[in-house]
file target35.txt (compact mmCIF, C-alpha atoms)
# COMPACT_ATOMS: atom_id res chain seq x y z
CA MET A 221 115.56 95.89 49.77
CA PRO A 222 114.08 96.49 46.27
CA ALA A 223 116.11 98.70 43.97
CA ARG A 224 114.88 102.26 43.64
CA ALA A 225 116.16 105.56 42.36
CA LYS A 226 117.38 107.96 45.02
CA ARG A 227 115.95 111.38 44.24
CA SER A 228 118.99 113.23 45.54
CA SER A 229 121.57 111.50 43.36
CA GLN A 230 119.45 109.60 40.81
CA ILE A 231 121.60 106.52 41.47
CA VAL A 232 119.81 103.23 40.89
CA VAL A 233 120.95 100.34 43.06
CA PRO A 234 120.62 97.03 41.17
CA GLU A 235 118.65 94.22 42.80
CA MET A 236 120.84 91.46 44.20
CA PRO A 237 119.86 87.78 44.00
CA LYS A 238 117.96 86.29 46.96
CA TRP A 239 118.89 82.92 48.46
CA HIS A 240 116.35 81.06 46.30
CA GLN A 241 117.67 82.78 43.18
CA ARG A 242 121.20 81.73 44.05
CA LEU A 243 119.94 78.18 44.45
CA ALA A 244 118.21 78.42 41.07
CA ALA A 245 121.47 79.80 39.61
CA TRP A 246 123.33 76.70 40.82
CA LEU A 247 120.74 74.46 39.15
CA ILE A 248 120.94 76.45 35.91
CA TYR A 249 124.74 76.28 36.00
CA ILE A 250 124.64 72.49 36.43
CA PHE A 251 122.03 72.19 33.66
CA ILE A 252 124.19 74.17 31.24
CA ARG A 253 127.27 72.10 32.06
CA VAL A 254 125.41 68.80 31.62
CA ILE A 255 123.68 69.78 28.38
CA ALA A 256 126.89 71.24 26.93
CA ALA A 257 128.81 68.04 27.72
CA THR A 258 126.42 65.99 25.54
CA MET A 259 126.47 68.28 22.52
CA ARG A 260 128.31 67.87 19.26
CA VAL A 261 129.79 71.32 18.67
CA ARG A 262 131.20 72.84 15.49
CA PHE A 263 133.10 76.13 15.71
CA VAL A 264 133.08 78.57 12.80
CA ASP A 265 135.72 81.27 13.27
CA ARG A 266 135.46 84.33 11.03
CA THR A 267 137.16 86.61 13.54
CA GLY A 268 140.77 85.57 13.03
CA LEU A 269 141.11 84.70 16.72
CA ARG A 270 142.18 81.12 16.08
CA ASP A 271 144.89 81.97 13.54
CA GLY A 272 146.07 85.03 15.48
CA THR A 273 145.16 87.69 12.90
CA PHE A 274 142.72 89.19 15.42
CA ARG A 275 143.53 89.12 19.13
CA GLY A 276 140.94 91.35 20.75
CA PRO A 277 139.77 92.41 23.26
CA ALA A 278 136.40 93.02 21.61
CA ILE A 279 132.71 93.59 22.24
CA TYR A 280 130.88 90.31 21.64
CA CYS A 281 127.15 90.48 20.92
CA ILE A 282 124.61 87.65 20.90
CA TRP A 283 120.82 87.75 20.63
CA HIS A 284 118.95 87.46 23.92
CA ASN A 285 117.21 84.19 22.99
CA ARG A 286 120.55 82.38 22.67
CA LEU A 287 121.87 83.18 26.14
CA ALA A 288 121.54 79.57 27.37
CA LEU A 289 124.84 78.58 25.73
CA CYS A 290 126.65 81.92 25.79
CA MET A 291 128.96 80.88 28.62
CA PRO A 292 130.19 77.69 26.86
CA ALA A 293 130.65 79.82 23.73
CA TYR A 294 132.97 82.05 25.74
CA VAL A 295 134.81 79.36 27.74
CA TRP A 296 135.36 76.96 24.83
CA PHE A 297 136.58 79.49 22.27
CA ILE A 298 136.92 83.17 23.15
CA LYS A 299 138.66 82.59 26.47
CA LYS A 300 141.05 80.20 24.74
CA TYR A 301 142.15 82.54 21.95
CA SER A 302 141.42 86.13 23.00
CA ALA A 303 144.12 88.37 24.41
CA GLY A 304 141.56 89.87 26.78
CA ALA A 305 142.13 89.74 30.54
CA GLY A 306 138.69 88.19 31.05
CA LEU A 307 135.03 88.83 30.24
CA VAL A 308 132.58 91.35 31.64
CA ALA A 309 128.89 91.06 30.73
CA ILE A 310 126.14 93.64 31.01
CA MET A 311 122.73 92.59 32.32
CA SER A 312 119.59 94.16 33.68
CA ALA A 313 119.49 95.79 37.12
CA SER A 314 116.21 93.96 37.75
CA ARG A 315 115.50 90.87 39.87
CA ASP A 316 115.90 88.59 36.81
CA GLY A 317 119.23 90.25 36.08
CA GLY A 318 120.31 89.41 39.62
CA MET A 319 119.78 85.70 39.03
CA LEU A 320 121.60 85.85 35.70
CA MET A 321 124.47 87.57 37.50
CA ALA A 322 124.68 84.64 39.92
CA VAL A 323 124.89 82.22 36.96
CA ILE A 324 127.65 83.96 35.00
CA GLU A 325 129.77 84.48 38.10
CA LYS A 326 130.07 80.70 38.35
CA PHE A 327 131.78 80.77 34.94
CA GLY A 328 134.26 83.39 36.14
CA VAL A 329 132.57 86.27 34.29
CA ARG A 330 132.20 89.70 35.92
CA PRO A 331 128.76 91.37 35.79
CA VAL A 332 127.87 94.99 35.09
CA ARG A 333 124.27 95.86 35.92
CA GLY A 334 122.25 98.23 33.77
CA SER A 335 120.10 98.74 30.67
CA THR A 336 118.69 101.52 28.52
CA SER A 337 115.86 102.05 31.01
CA ARG A 338 117.67 101.57 34.34
CA ARG A 339 121.20 102.50 35.39
CA GLY A 340 122.36 103.01 31.79
CA PRO A 341 124.88 105.85 32.29
CA GLN A 342 126.41 104.16 35.35
CA ALA A 343 126.76 100.87 33.47
CA LEU A 344 128.43 102.67 30.57
CA ARG A 345 131.03 104.17 32.89
CA GLU A 346 131.72 100.78 34.46
CA LEU A 347 132.09 99.11 31.05
CA THR A 348 134.53 101.79 29.96
CA THR A 349 136.60 101.14 33.09
CA TRP A 350 136.69 97.39 32.42
CA ALA A 351 137.66 98.08 28.80
CA LYS A 352 140.67 100.06 30.01
CA ARG A 353 141.69 96.93 31.95
CA ASP A 354 141.70 94.94 28.67
CA TYR A 355 138.55 92.93 29.37
CA ASP A 356 136.32 91.57 26.61
CA ILE A 357 132.72 92.80 26.83
CA ALA A 358 129.55 90.77 26.19
CA ILE A 359 126.20 92.36 25.31
CA THR A 360 122.75 91.16 24.22
CA PRO A 361 121.96 94.02 21.83
CA ASP A 362 118.20 93.33 21.69
CA GLY A 363 117.81 92.78 25.45
CA PRO A 364 116.42 92.88 27.98
CA ARG A 365 112.97 93.53 26.48
CA GLY A 366 113.37 93.65 22.72
CA PRO A 367 112.18 94.03 20.07
CA LYS A 368 113.55 90.65 19.02
CA TYR A 369 116.52 90.77 16.64
CA VAL A 370 116.66 94.57 16.67
CA MET A 371 120.08 95.87 17.69
CA GLN A 372 119.99 98.88 19.97
CA GLU A 373 122.31 101.79 19.25
CA GLY A 374 124.17 101.61 22.57
CA ILE A 375 126.54 98.87 21.43
CA VAL A 376 127.88 101.01 18.58
CA ALA A 377 128.34 104.00 20.91
CA LEU A 378 130.24 101.77 23.35
CA ALA A 379 132.46 100.45 20.56
CA GLN A 380 133.24 104.00 19.45
CA LEU A 381 133.99 105.11 23.00
CA THR A 382 136.27 102.18 23.84
CA GLY A 383 137.88 101.65 20.43
CA ARG A 384 136.74 98.00 20.44
CA ALA A 385 135.46 96.13 17.41
CA ILE A 386 132.00 94.53 17.53
CA VAL A 387 132.05 90.75 17.01
CA PRO A 388 128.66 89.10 16.33
CA VAL A 389 128.23 85.61 17.80
CA ALA A 390 125.52 83.13 16.79
CA ILE A 391 124.63 79.81 18.39
CA ASN A 392 122.46 77.47 16.30
CA VAL A 393 121.09 74.27 17.85
CA ASN A 394 119.05 71.69 15.95
CA TRP A 395 117.18 70.28 18.99
CA LYS A 396 115.69 72.88 21.29
CA ILE A 397 112.59 74.18 23.02
CA SER A 398 111.46 77.72 22.21
CA VAL A 399 109.77 79.37 25.18
CA LYS A 400 106.69 81.55 24.63
CA SER A 401 108.43 84.80 25.54
CA TRP A 402 109.04 88.02 23.62
CA ASP A 403 112.29 86.63 22.19
CA ARG A 404 111.26 82.95 21.88
CA PHE A 405 114.07 82.02 24.26
CA GLN A 406 115.81 78.81 23.19
CA ILE A 407 116.54 75.94 25.60
CA PRO A 408 118.89 73.39 24.03
CA LEU A 409 118.19 69.68 24.45
CA PRO A 410 120.71 66.92 25.20
CA PHE A 411 122.77 65.45 22.35
CA SER A 412 121.99 68.36 20.03
CA LYS A 413 124.15 69.42 17.14
CA CYS A 414 125.43 72.90 17.89
CA GLU A 415 127.11 75.41 15.61
CA MET A 416 128.89 78.33 17.26
CA ILE A 417 129.71 81.09 14.77
CA TYR A 418 132.07 83.95 15.58
CA GLY A 419 131.61 86.67 12.96
CA GLU A 420 133.95 89.14 11.33
CA PRO A 421 134.93 92.05 13.62
CA ILE A 422 133.22 95.36 12.82
CA PRO A 423 135.44 98.30 13.79
CA VAL A 424 133.87 101.60 14.86
CA PRO A 425 136.34 104.49 14.36
CA ARG A 426 136.31 107.18 17.06
CA GLU A 427 135.56 109.90 14.47
CA THR A 428 132.39 108.12 13.26
CA SER A 429 129.44 110.50 12.81
CA GLU A 430 125.88 109.91 14.01
CA THR A 431 124.93 108.81 10.50
CA GLY A 432 127.93 106.51 10.37
CA ARG A 433 126.99 104.93 13.70
CA GLU A 434 123.53 104.14 12.41
CA GLN A 435 124.98 102.57 9.25
CA LEU A 436 127.26 100.39 11.37
CA ARG A 437 124.36 99.43 13.65
CA VAL A 438 122.34 98.29 10.64
CA GLN A 439 125.36 96.40 9.27
CA ALA A 440 126.00 94.59 12.56
CA GLU A 441 122.30 93.76 12.99
CA LYS A 442 122.11 92.37 9.45
CA LYS A 443 125.20 90.20 9.94
CA LEU A 444 123.97 88.80 13.25
CA ARG A 445 120.55 88.00 11.78
CA GLU A 446 122.12 86.23 8.79
CA MET A 447 124.27 84.07 11.08
CA CYS A 448 121.28 82.76 13.03
CA VAL A 449 119.05 79.81 12.08
CA ASP A 450 115.69 79.54 13.87

call {"tool": "encode", "arguments": {"input": "target35.txt", "output": "C-alpha cells"}}
result
Amino acid sequence: MPARAKRSSQIVVPEMPKWHQRLAAWLIYIFIRVIAATMRVRFVDRTGLRDGTFRGPAIYCIWHNRLALCMPAYVWFIKKYSAGAGLVAIMSASRDGGMLMAVIEKFGVRPVRGSTSRRGPQALRELTTWAKRDYDIAITPDGPRGPKYVMQEGIVALAQLTGRAIVPVAINVNWKISVKSWDRFQIPLPFSKCEMIYGEPIPVPRETSETGREQLRVQAEKKLREMCVD
C-alpha cells in the first residue's frame, strides 16, 4: 500500500520495496561488489581513525552523487577502525528510498527512513536512539533532492543533539559515468582509480547557538566541496 500521512496521528509510513525492487537491489549489490573488486583504491585518513587518535562513533556525510561506492567506503575503512557498534543510514521514505534500503541491508547497514519533507521528526528520534546505542550515522546532506553540494542544516542539529562529530567523506573516481540527474549521479567504471578521503572531524558543542550552527554548516559544506573532484 502506498505511504500516506494518517490525519489522526500525522505518522507517515515509509514505502517498502516491492519484489522487483528487491531483485534490482540484488543486481545493484552484485554490481557494486564486482566494480569495487577491480578498482585501485587509495585511502586518505584525516580523521585519526587509523592511528587511534579518533575512535568515533561519528556522523559521516557524503554527497548524494557519490552514493554508488559509499558502502565499500564504510566496509573497507570505517567499519575496520571505528569504535561504533555498526552503521545506520538515513534515506528517503519514498519508493526509491525503499530500494536503496534493500541495497544497504545487504552490507549489514541498518536503515532509517525519512527526509526534510517526509517523516523528518520520526527519523530524527530514531537516529537519536541508534546514537545512544553507539552506532555510526551516515547522511547525504544534500539529498534526496538537492540542491547539489548544498549541505542542509539538519546534519548540524543532529550532531549537536547527539554529541557526535561530523566527518566529511569524499570518493573521487577517475573513470565514471555522470547521469543526467539533479546531482549528476556518478557510476564508477571497472578498473578505475579511486581515492577515498575521510576528513577531519568537526565537533558541534551542545551549547552552540543558531548562529554558531550556521557557521559550522558552512564550514562542513566548504570542506566537503574542497575534498571532491568532479

call {"tool": "axis_aligned_box", "arguments": {"input": "target35.txt", "around": "stretch 238-255 of chain A", "padding_each_side": "3 Å", "output": "lines of an AutoDock Vina configuration file"}}
result
center_x = 121.8
center_y = 77.5
center_z = 38.4
size_x = 16.9
size_y = 23.5
size_z = 26.1

call {"tool": "residues_around", "arguments": {"input": "target35.txt", "residues": "stretch 251-265 of chain A", "least_positions_apart": "4", "cutoff": "10 Å", "atoms": "only C-alpha atoms", "output": "PyMOL selection string"}}
result
chain A and resi 245-247+269-271+288-293+296-297+323+389-393+407-420

call {"tool": "closest_residue", "arguments": {"input": "target35.txt", "among": "A:Ala278, A:Val332, A:Ala351, A:Val438", "to": "A:Ser302", "atoms": "all atoms listed in the file"}}
result
A:Ala278

call {"tool": "atom_distance", "arguments": {"input": "target35.txt", "atom1": "atom CA of A:Ser312", "atom2": "atom CA of A:Trp239"}}
result
18.6 Å

call {"tool": "closest_residue", "arguments": {"input": "target35.txt", "among": "A:Ala440, A:Arg242, A:Gly383, A:Lys300", "to": "A:Thr348", "atoms": "only C-alpha atoms"}}
result
A:Gly383

call {"tool": "atom_distance", "arguments": {"input": "target35.txt", "atom1": "atom CA of A:Cys281", "atom2": "atom CA of A:Arg333"}}
result
16.2 Å

call {"tool": "closest_residue", "arguments": {"input": "target35.txt", "among": "A:Val387, A:Leu381, A:Met236, A:Met371", "to": "A:Gly318", "atoms": "all atoms listed in the file"}}
result
A:Met236

call {"tool": "atom_distance", "arguments": {"input": "target35.txt", "atom1": "atom CA of A:Arg433", "atom2": "atom CA of A:Ala385"}}
result
12.8 Å

call {"tool": "closest_residue", "arguments": {"input": "target35.txt", "among": "A:Glu346, A:Asp450, A:Glu325, A:Glu373", "to": "A:Arg286", "atoms": "all atoms listed in the file"}}
result
A:Asp450

call {"tool": "residues_around", "arguments": {"input": "target35.txt", "residues": "stretch 360-364 of chain A", "least_positions_apart": "2", "cutoff": "10 Å", "atoms": "all atoms listed in the file", "output": "PDB file with C-alpha atoms, in the coordinates of the input"}}
result
ATOM      1  CA  TYR A 280     130.880  90.310  21.640  1.00  0.00           C
ATOM      2  CA  CYS A 281     127.150  90.480  20.920  1.00  0.00           C
ATOM      3  CA  ILE A 282     124.610  87.650  20.900  1.00  0.00           C
ATOM      4  CA  TRP A 283     120.820  87.750  20.630  1.00  0.00           C
ATOM      5  CA  HIS A 284     118.950  87.460  23.920  1.00  0.00           C
ATOM      6  CA  ASN A 285     117.210  84.190  22.990  1.00  0.00           C
ATOM      7  CA  ARG A 286     120.550  82.380  22.670  1.00  0.00           C
ATOM      8  CA  LEU A 287     121.870  83.180  26.140  1.00  0.00           C
ATOM      9  CA  ALA A 309     128.890  91.060  30.730  1.00  0.00           C
ATOM     10  CA  ILE A 310     126.140  93.640  31.010  1.00  0.00           C
ATOM     11  CA  MET A 311     122.730  92.590  32.320  1.00  0.00           C
ATOM     12  CA  SER A 312     119.590  94.160  33.680  1.00  0.00           C
ATOM     13  CA  SER A 314     116.210  93.960  37.750  1.00  0.00           C
ATOM     14  CA  ASP A 316     115.900  88.590  36.810  1.00  0.00           C
ATOM     15  CA  GLY A 317     119.230  90.250  36.080  1.00  0.00           C
ATOM     16  CA  GLY A 334     122.250  98.230  33.770  1.00  0.00           C
ATOM     17  CA  SER A 335     120.100  98.740  30.670  1.00  0.00           C
ATOM     18  CA  THR A 336     118.690 101.520  28.520  1.00  0.00           C
ATOM     19  CA  SER A 337     115.860 102.050  31.010  1.00  0.00           C
ATOM     20  CA  ALA A 358     129.550  90.770  26.190  1.00  0.00           C
ATOM     21  CA  GLY A 366     113.370  93.650  22.720  1.00  0.00           C
ATOM     22  CA  PRO A 367     112.180  94.030  20.070  1.00  0.00           C
ATOM     23  CA  LYS A 368     113.550  90.650  19.020  1.00  0.00           C
ATOM     24  CA  TYR A 369     116.520  90.770  16.640  1.00  0.00           C
ATOM     25  CA  VAL A 370     116.660  94.570  16.670  1.00  0.00           C
ATOM     26  CA  MET A 371     120.080  95.870  17.690  1.00  0.00           C
ATOM     27  CA  GLN A 372     119.990  98.880  19.970  1.00  0.00           C
ATOM     28  CA  GLU A 373     122.310 101.790  19.250  1.00  0.00           C
ATOM     29  CA  GLY A 374     124.170 101.610  22.570  1.00  0.00           C
ATOM     30  CA  ILE A 375     126.540  98.870  21.430  1.00  0.00           C
ATOM     31  CA  VAL A 376     127.880 101.010  18.580  1.00  0.00           C
ATOM     32  CA  PRO A 388     128.660  89.100  16.330  1.00  0.00           C
ATOM     33  CA  TRP A 402     109.040  88.020  23.620  1.00  0.00           C
ATOM     34  CA  ASP A 403     112.290  86.630  22.190  1.00  0.00           C
ATOM     35  CA  GLU A 441     122.300  93.760  12.990  1.00  0.00           C
TER      36      GLU A 441
END

call {"tool": "closest_residue", "arguments": {"input": "target35.txt", "among": "A:Ile422, A:Ala244, A:Leu347, A:Ala322", "to": "A:Thr267", "atoms": "only C-alpha atoms"}}
result
A:Ile422

call {"tool": "closest_residue", "arguments": {"input": "target35.txt", "among": "A:Trp395, A:Tyr355, A:Phe327, A:Tyr301", "to": "A:Pro277", "atoms": "only C-alpha atoms"}}
result
A:Tyr355
